[in-house]
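Novice: First the structure, then my questions, so here it is.
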Amino acid sequence: MLDWNIIIHYFPFLLKGALLTLQIAILSLVLGLAFGLGAALCKLTRNPFLRWPAIFYVWLVRSTPLLVQLFIIYFGFPQMGIDLGPFWSGVLGLALNVGAYNAETIRGGIVSVPAGQTEGARSLGMSGALTMRRIILPQALRIIIPPLGNNFIILIKDTSLVSTITLVELTLTAQRFIGSTYKPFEMYLMAAALYAVMTSTASLLLSWLEKRTRNEAR
Amino acid sequence: MESQAQSSTNTPMLKIDNLHKSFGKLAVLNGVNLEVEQSQVLVIIGPSGSGKSTLLRCVNHLEAPTDGEIYLEGQLINDKNKNHQAFEKHINHVRCKMGMVFQQFNLFPHMTVLENVMEAPVHVLKKEKSIARDIARSLLDKVGLLEKTEAYPLMLSGGQQQRVAIARALAMEPNVMLFDEVTSALDPELVGDVLRVMEDLARDGMTMLVVTHEMGFAEKVGDRVIFMADGVVVEDAPPKEMFSNPKEIRTKQFLAEILQ
Ligand SMILES: Nc1ncnc2c1ncn2[C@@H]1O[C@H](COP(=O)(O)OP(=O)(O)O)[C@@H](O)[C@H]1O
Ligand SMILES: [Mg+2]
C-alpha cells in the first residue's frame, strides 16, 4: 500500500521541483518559439546564407536524441570555453530542440496560406515583411497553434531529461528522496501526478487560445 | 516640336514595349506592345491560356518580365539597374499607383471589410487611422456596401466580396486599375453589381485594363478592345469595330465561338 505519510511529508519538496520544471519549460517555450519562427522564415527565403544554416539546424536536431544534445551543451561546450552551467545548458538544449520542431510546424502553417493572400497584399504596395507580419502570420497562426501546443506539451515532459545534467527539477528531486526513504513508487507517482497537472493545464490553456483565435478570425 | 511631343501631357499612362515572358521553356508573352492613354478603358479578350493574366501580372510585377519594358507615366517599372533593395522599394511605390482586382478576390479573411480597405492606406501610405477610415467608408458607400463595414469577407456573397476588393484597391488612390476576369467566379445574378461599379469608375475617368468575357461591358464601357492569342496582340480596335467587323481571321473565329 502507499505510504501516505511519506507523500504528505515530501509533497512540498516535489512541488518546489515542479516549479523549477515549469520555469525551465516556460523559458524554453519562449526561446523555442523565437528559434522556430527564425528558422522557419530563414528556410522560406531564397537567400542561401540563411536557408542552408536553417535547414542544417532543423536536420541536426531532428536526427539526434535530445539527451545527446543536452550532453553536448552541458559537458561538451565547456571544452570549447563555453560554460553555461546546468540551468542555461538545460534551457538552451530544450529550446533548440523544440525550436527545430516548431520551425517545421510554423513553416507548414505559412505555406498553407493561399498564394493569393500574398499577391493581394503585394499588389497594394505592401512590402514582403509587412505582408508576412500583417497578412500571412495571423492566418498561419490559426493553423499553427494546435500542433505548436502539442510541441509544448512534449517539451514539458522532455524537461525531465535535464535531471541528467544535475538540474534539481521535478524528476531529480523525486530521485534524490528515494535514497533516504526507499519509497520509489510514492516518489515517482507524485512526480507523475505533478507532470500530469502541468501538461493538462497547458492543454486547457491551449484549447482556450485555439477557440479564441478561431472566433476572432472566423 | 520634338520636345513638346515628349512633354508629360503626351506621355501615355502605360506603355508596354516588346514584352516577353516565359515560364521555363514555355513562352507565354511573345512581344506585346501597347499604349494606354490616361482615362482610357482597355478591354483585353482572348482564349484561355493566351497570356492575358500574365500580361496584367507583369504590369504590376507580380511576375517579372523576361524581356521588354513597361512604363507607368513614363517611369520604367521593371528597372534592372536597381539592386534588390532599391528595386523592392521602387516596385512597392509603383504598386501604390496601380490597383489590381483578382478573379478570386483575395480579401484578407482575418480582417473586417473596413479593415481590409484601411490596411494598405494605414500601413503603407501611413495615413492617420481616422482619415483612412473616412476614405474607406466613403469608398464602401460608393460600391454600395456601407452597411457591411463590420462584416468579415467570408460572410459576404462573391459579388459583395469583389466590390470590397475594388474599394480596397481604390483606397490607395491609384492612377491605373487592373481587372483580371473579376466577374468570372461570380453567380450570374451578382455580375451586374460589380460591372456597374466598374462602369462608374470608368465614367469618373479611371484608366483601366480589363480582362473579361463580358462582351456587353466591353462594348458599352471600353474605349478600345485588344484581342490576344499566343502571347501577342492580334487585333486592336474600338469595340464597335472589333465586334462588328473584325479584321483578323483568328479574331473572327474567337468571337464566333463566344457569341455562339
Ligand atoms: N506561374 C506559372 N508557371 C508556369 N506556367 C504559367 C504560370 N502562369 C501562367 N502559366 C501558363 O501561361 C499560359 C498563359 O496563362 P495566363 O496568362 O493565365 O492566360 P489567360 O489569362 O489568358 O488564360 C498558360 O499556359 C499557363 O499555364
Ligand atoms: Mg487568366
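As shown in the C-alpha cells, the chain order sets the letters A, B, ...; within each chain, residues go from 1, and ligands are also counted from 1 in the order they appear.
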Counting only C-alpha atoms, which residues of chain B come no farther than 7 Å from chain A, as a ChimeraX atom specification?
Specialist: /B:92-93,95-96,99-100,106,108-110,120,124,169
Novice: Just the alpha helix (DSSP H) stuff from stretch 48-159 of chain B, please, per backbone DSSP, written as JSON, numbers by chain.
Specialist: {"B": [52, 53, 54, 55, 56, 57, 58, 59, 84, 85, 86, 87, 88, 89, 90, 91, 92, 93, 94, 95, 96, 113, 114, 115, 116, 117, 118, 119, 120, 121, 122, 123, 129, 130, 131, 132, 133, 134, 135, 136, 137, 138, 139, 140, 141, 142, 158, 159]}
Novice: Could I get the residue neighbourhood of ligand 1 at 10 Å, counting only C-alpha atoms and all ligand atoms, as number ranges by chain?
Specialist: B: 21-29, 44-58, 62-63, 180-181, 211-212, 228-231
Novice: Find the residues around A:Lys183 up to 12 Å (only C-alpha atoms counted), leave out those fewer than 6 positions away in its own chain, and share them as a list in words.
Specialist: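 Here the answer would be Met1, Leu2, Asp3, Trp4, Asn5, Ile6, Ile7, Tyr10, Ala174, Gln175, Arg176, Phe177, Leu189 and Met190 of chain A.
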Novice: What does the distance between atom CA of B:Glu235 and atom CA of B:Val191 come to in Å, to one decimal place?
Specialist: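 Computing it gives 26.8 Å between the two atoms.
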Novice: With a distance cut-off of 12 Å and only C-alpha atoms, select the neighbouring residues of A:Ser112, excluding the residue or stretch itself and same-chain residues fewer than 6 positions from it, and output the selection as a list of chain:residue names.
Specialist: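 Residues meeting the cut-off are A:Thr105, A:Ile106, A:Thr118, A:Ile136, A:Leu137, A:Gln139, A:Ala140, A:Leu141, A:Arg142, A:Ile143, A:Ile144.
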Novice: Now that the selection is made, can you save its residues with all heavy atoms as a tab-separated table (two decimals), in the first residue's frame?
Specialist:
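The file below, again_27.tsv, is the result:
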chain	number	residue	atom	x	y	z
A	105	THR	N	6.65	23.17	-37.99
A	105	THR	CA	5.23	23.47	-37.80
A	105	THR	C	4.88	24.85	-38.36
A	105	THR	O	3.90	25.01	-39.08
A	105	THR	CB	4.91	23.46	-36.28
A	105	THR	OG1	5.31	22.20	-35.74
A	105	THR	CG2	3.44	23.67	-36.04
A	106	ILE	N	5.71	25.84	-38.03
A	106	ILE	CA	5.43	27.21	-38.47
A	106	ILE	C	5.57	27.33	-39.98
A	106	ILE	O	4.73	27.94	-40.65
A	106	ILE	CB	6.38	28.20	-37.75
A	106	ILE	CG1	6.06	28.23	-36.25
A	106	ILE	CG2	6.25	29.60	-38.34
A	106	ILE	CD1	7.06	28.99	-35.40
A	118	THR	N	-0.78	36.64	-50.47
A	118	THR	CA	0.45	37.40	-50.70
A	118	THR	C	0.28	38.35	-51.88
A	118	THR	O	0.64	39.52	-51.82
A	118	THR	CB	1.62	36.44	-50.98
A	118	THR	OG1	1.74	35.55	-49.88
A	118	THR	CG2	2.93	37.20	-51.15
A	136	ILE	N	0.07	37.20	-43.58
A	136	ILE	CA	0.33	35.75	-43.62
A	136	ILE	C	0.37	35.14	-42.21
A	136	ILE	O	-0.35	34.18	-41.92
A	136	ILE	CB	1.65	35.44	-44.36
A	136	ILE	CG1	1.64	36.10	-45.74
A	136	ILE	CG2	1.85	33.94	-44.48
A	136	ILE	CD1	0.50	35.68	-46.63
A	137	LEU	N	1.20	35.71	-41.31
A	137	LEU	CA	1.35	35.11	-39.99
A	137	LEU	C	0.03	35.03	-39.20
A	137	LEU	O	-0.26	34.00	-38.60
A	137	LEU	CB	2.43	35.83	-39.18
A	137	LEU	CG	3.87	35.44	-39.53
A	137	LEU	CD1	4.87	36.21	-38.65
A	137	LEU	CD2	4.10	33.94	-39.39
A	139	GLN	N	-2.89	34.59	-40.27
A	139	GLN	CA	-3.70	33.49	-40.80
A	139	GLN	C	-3.03	32.14	-40.53
A	139	GLN	O	-3.70	31.14	-40.28
A	139	GLN	CB	-3.91	33.68	-42.30
A	139	GLN	CG	-4.79	34.87	-42.63
A	139	GLN	CD	-5.04	34.99	-44.11
A	139	GLN	OE1	-5.61	34.11	-44.74
A	139	GLN	NE2	-4.62	36.09	-44.69
A	140	ALA	N	-1.70	32.14	-40.60
A	140	ALA	CA	-0.97	30.89	-40.35
A	140	ALA	C	-1.15	30.46	-38.89
A	140	ALA	O	-1.22	29.28	-38.59
A	140	ALA	CB	0.52	31.07	-40.67
A	141	LEU	N	-1.26	31.45	-38.02
A	141	LEU	CA	-1.35	31.19	-36.58
A	141	LEU	C	-2.48	30.21	-36.25
A	141	LEU	O	-2.31	29.31	-35.43
A	141	LEU	CB	-1.59	32.50	-35.85
A	141	LEU	CG	-1.12	32.55	-34.40
A	141	LEU	CD1	0.38	32.31	-34.33
A	141	LEU	CD2	-1.46	33.89	-33.77
A	142	ARG	N	-3.61	30.39	-36.90
A	142	ARG	CA	-4.75	29.52	-36.63
A	142	ARG	C	-4.43	28.07	-36.93
A	142	ARG	O	-4.85	27.15	-36.25
A	142	ARG	CB	-5.94	29.94	-37.51
A	142	ARG	CG	-6.85	30.91	-36.83
A	142	ARG	CD	-8.03	31.20	-37.71
A	142	ARG	NE	-7.60	31.84	-38.94
A	142	ARG	CZ	-8.36	31.93	-40.04
A	142	ARG	NH1	-9.56	31.39	-40.05
A	142	ARG	NH2	-7.92	32.55	-41.10
A	143	ILE	N	-3.63	27.87	-37.99
A	143	ILE	CA	-3.26	26.52	-38.38
A	143	ILE	C	-2.16	26.01	-37.47
A	143	ILE	O	-2.08	24.82	-37.15
A	143	ILE	CB	-2.77	26.53	-39.85
A	143	ILE	CG1	-3.89	27.08	-40.74
A	143	ILE	CG2	-2.32	25.17	-40.30
A	143	ILE	CD1	-3.39	27.61	-42.06
A	144	ILE	N	-1.31	26.93	-37.02
A	144	ILE	CA	-0.11	26.54	-36.29
A	144	ILE	C	-0.39	26.20	-34.83
A	144	ILE	O	0.23	25.32	-34.26
A	144	ILE	CB	0.93	27.69	-36.35
A	144	ILE	CG1	1.48	27.84	-37.76
A	144	ILE	CG2	2.06	27.45	-35.39
A	144	ILE	CD1	2.30	29.10	-37.95
Novice: Rank nothing, just name the residue among B:Ser157, B:Met13, B:Phe179, B:Phe105 nearest to ligand 2, using only C-alpha atoms and all ligand atoms.
Specialist: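 With only C-alpha atoms and all ligand atoms as the atom set, the closest residue is B:Phe179.
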Novice: If DSSP is run on the backbone, what residues of stretch 47-259 of chain B are strand (DSSP E)? A reply as a PyMOL selection string would be ideal.
Specialist: chain B and resi 67-72+75-76+98-101+176-180+207-211+224-229+232-237
Novice: Output the selection as a compact mmCIF listing (two decimals), in the first residue's frame - N, CA and C atoms for each residue.
Specialist:
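Below is the file part.txt, written as the result:
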# COMPACT_ATOMS: atom_id res chain seq x y z
N ASP B 67 11.71 39.89 -70.76
CA ASP B 67 12.35 40.89 -71.61
C ASP B 67 11.34 41.99 -71.93
N GLY B 68 11.86 43.16 -72.29
CA GLY B 68 10.99 44.27 -72.65
C GLY B 68 10.84 45.26 -71.52
N GLU B 69 10.13 46.36 -71.81
CA GLU B 69 9.97 47.41 -70.80
C GLU B 69 8.51 47.77 -70.58
N ILE B 70 8.22 48.16 -69.36
CA ILE B 70 6.89 48.67 -69.04
C ILE B 70 7.08 50.00 -68.33
N TYR B 71 6.35 51.02 -68.82
CA TYR B 71 6.46 52.36 -68.23
C TYR B 71 5.11 52.79 -67.68
N LEU B 72 5.14 53.31 -66.47
CA LEU B 72 3.94 53.94 -65.90
C LEU B 72 4.21 55.43 -65.89
N GLN B 75 7.68 56.37 -66.36
CA GLN B 75 8.69 55.81 -65.44
C GLN B 75 8.81 54.30 -65.67
N LEU B 76 10.05 53.85 -65.87
CA LEU B 76 10.29 52.44 -66.13
C LEU B 76 9.95 51.60 -64.89
N MET B 98 -1.04 51.56 -58.72
CA MET B 98 -1.77 50.64 -59.60
C MET B 98 -2.63 49.71 -58.76
N GLY B 99 -3.93 49.74 -58.95
CA GLY B 99 -4.78 48.82 -58.21
C GLY B 99 -4.99 47.56 -59.02
N MET B 100 -5.07 46.42 -58.33
CA MET B 100 -5.37 45.19 -59.06
C MET B 100 -6.52 44.46 -58.38
N VAL B 101 -7.43 43.96 -59.21
CA VAL B 101 -8.55 43.18 -58.69
C VAL B 101 -8.49 41.80 -59.33
N VAL B 176 -4.06 53.76 -62.20
CA VAL B 176 -4.46 52.72 -63.14
C VAL B 176 -5.10 51.59 -62.35
N MET B 177 -6.15 50.98 -62.91
CA MET B 177 -6.73 49.80 -62.28
C MET B 177 -6.64 48.62 -63.24
N LEU B 178 -6.23 47.47 -62.70
CA LEU B 178 -6.13 46.25 -63.48
C LEU B 178 -7.20 45.28 -63.00
N PHE B 179 -8.01 44.79 -63.92
CA PHE B 179 -9.08 43.85 -63.55
C PHE B 179 -8.87 42.54 -64.29
N ASP B 180 -8.69 41.46 -63.56
CA ASP B 180 -8.44 40.17 -64.22
C ASP B 180 -9.65 39.24 -64.05
N THR B 207 -8.18 55.18 -65.50
CA THR B 207 -7.53 54.40 -66.55
C THR B 207 -7.65 52.93 -66.16
N MET B 208 -8.18 52.10 -67.08
CA MET B 208 -8.46 50.73 -66.70
C MET B 208 -8.00 49.73 -67.76
N LEU B 209 -7.40 48.63 -67.30
CA LEU B 209 -7.13 47.48 -68.17
C LEU B 209 -8.02 46.35 -67.66
N VAL B 210 -8.91 45.88 -68.52
CA VAL B 210 -9.93 44.95 -68.07
C VAL B 210 -9.91 43.66 -68.90
N VAL B 211 -9.49 42.58 -68.28
CA VAL B 211 -9.61 41.27 -68.93
C VAL B 211 -10.99 40.74 -68.60
N ARG B 224 -11.32 50.82 -76.15
CA ARG B 224 -10.53 50.03 -77.10
C ARG B 224 -10.63 48.58 -76.66
N VAL B 225 -10.59 47.69 -77.60
CA VAL B 225 -10.54 46.27 -77.28
C VAL B 225 -9.32 45.69 -77.97
N ILE B 226 -8.53 44.88 -77.23
CA ILE B 226 -7.48 44.14 -77.92
C ILE B 226 -7.79 42.65 -77.81
N PHE B 227 -7.49 41.97 -78.90
CA PHE B 227 -7.64 40.52 -78.92
C PHE B 227 -6.26 39.90 -78.85
N MET B 228 -6.06 39.06 -77.83
CA MET B 228 -4.76 38.41 -77.66
C MET B 228 -4.85 36.93 -78.00
N ALA B 229 -3.81 36.41 -78.63
CA ALA B 229 -3.69 34.97 -78.85
C ALA B 229 -2.21 34.62 -78.88
N VAL B 232 0.56 37.35 -78.08
CA VAL B 232 0.73 38.61 -78.80
C VAL B 232 -0.63 39.29 -78.98
N VAL B 233 -0.59 40.60 -79.26
CA VAL B 233 -1.81 41.32 -79.56
C VAL B 233 -2.11 41.11 -81.04
N VAL B 234 -3.21 40.41 -81.32
CA VAL B 234 -3.54 40.09 -82.70
C VAL B 234 -4.29 41.24 -83.35
N GLU B 235 -5.20 41.84 -82.58
CA GLU B 235 -6.00 42.93 -83.15
C GLU B 235 -6.33 43.95 -82.08
N ASP B 236 -6.37 45.20 -82.50
CA ASP B 236 -6.53 46.32 -81.57
C ASP B 236 -7.49 47.29 -82.23
N ALA B 237 -8.71 47.44 -81.69
CA ALA B 237 -9.70 48.28 -82.38
C ALA B 237 -10.72 48.79 -81.37
Novice: Choose the residue, out of B:Gly192, B:Lys252, B:Met172, B:Gln104, that has the smallest atom-to-atom separation from ligand 2; count only C-alpha atoms and all ligand atoms.
Specialist: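 Selected residue with least distance to ligand 2: B:Gln104.
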Novice: May I ask which of the residues B:Lys220, B:Lys89, B:Lys15, B:His213 is the closest one to ligand 2, counting only C-alpha atoms and all ligand atoms?
Specialist: B:His213
Novice: In Å, with one decimal, what is the gap from atom CA of A:Thr159 to atom CA of A:Ala193?
Specialist: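 The value is 15.0 Å.
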Novice: Which neighbours of stretch 71-88 of chain A fall inside 7 Å, counting only C-alpha atoms, when residues of the same chain fewer than 5 positions from it are skipped, and could you give them as a VMD selection string?
Specialist: chain A and resid 93 165 to 167
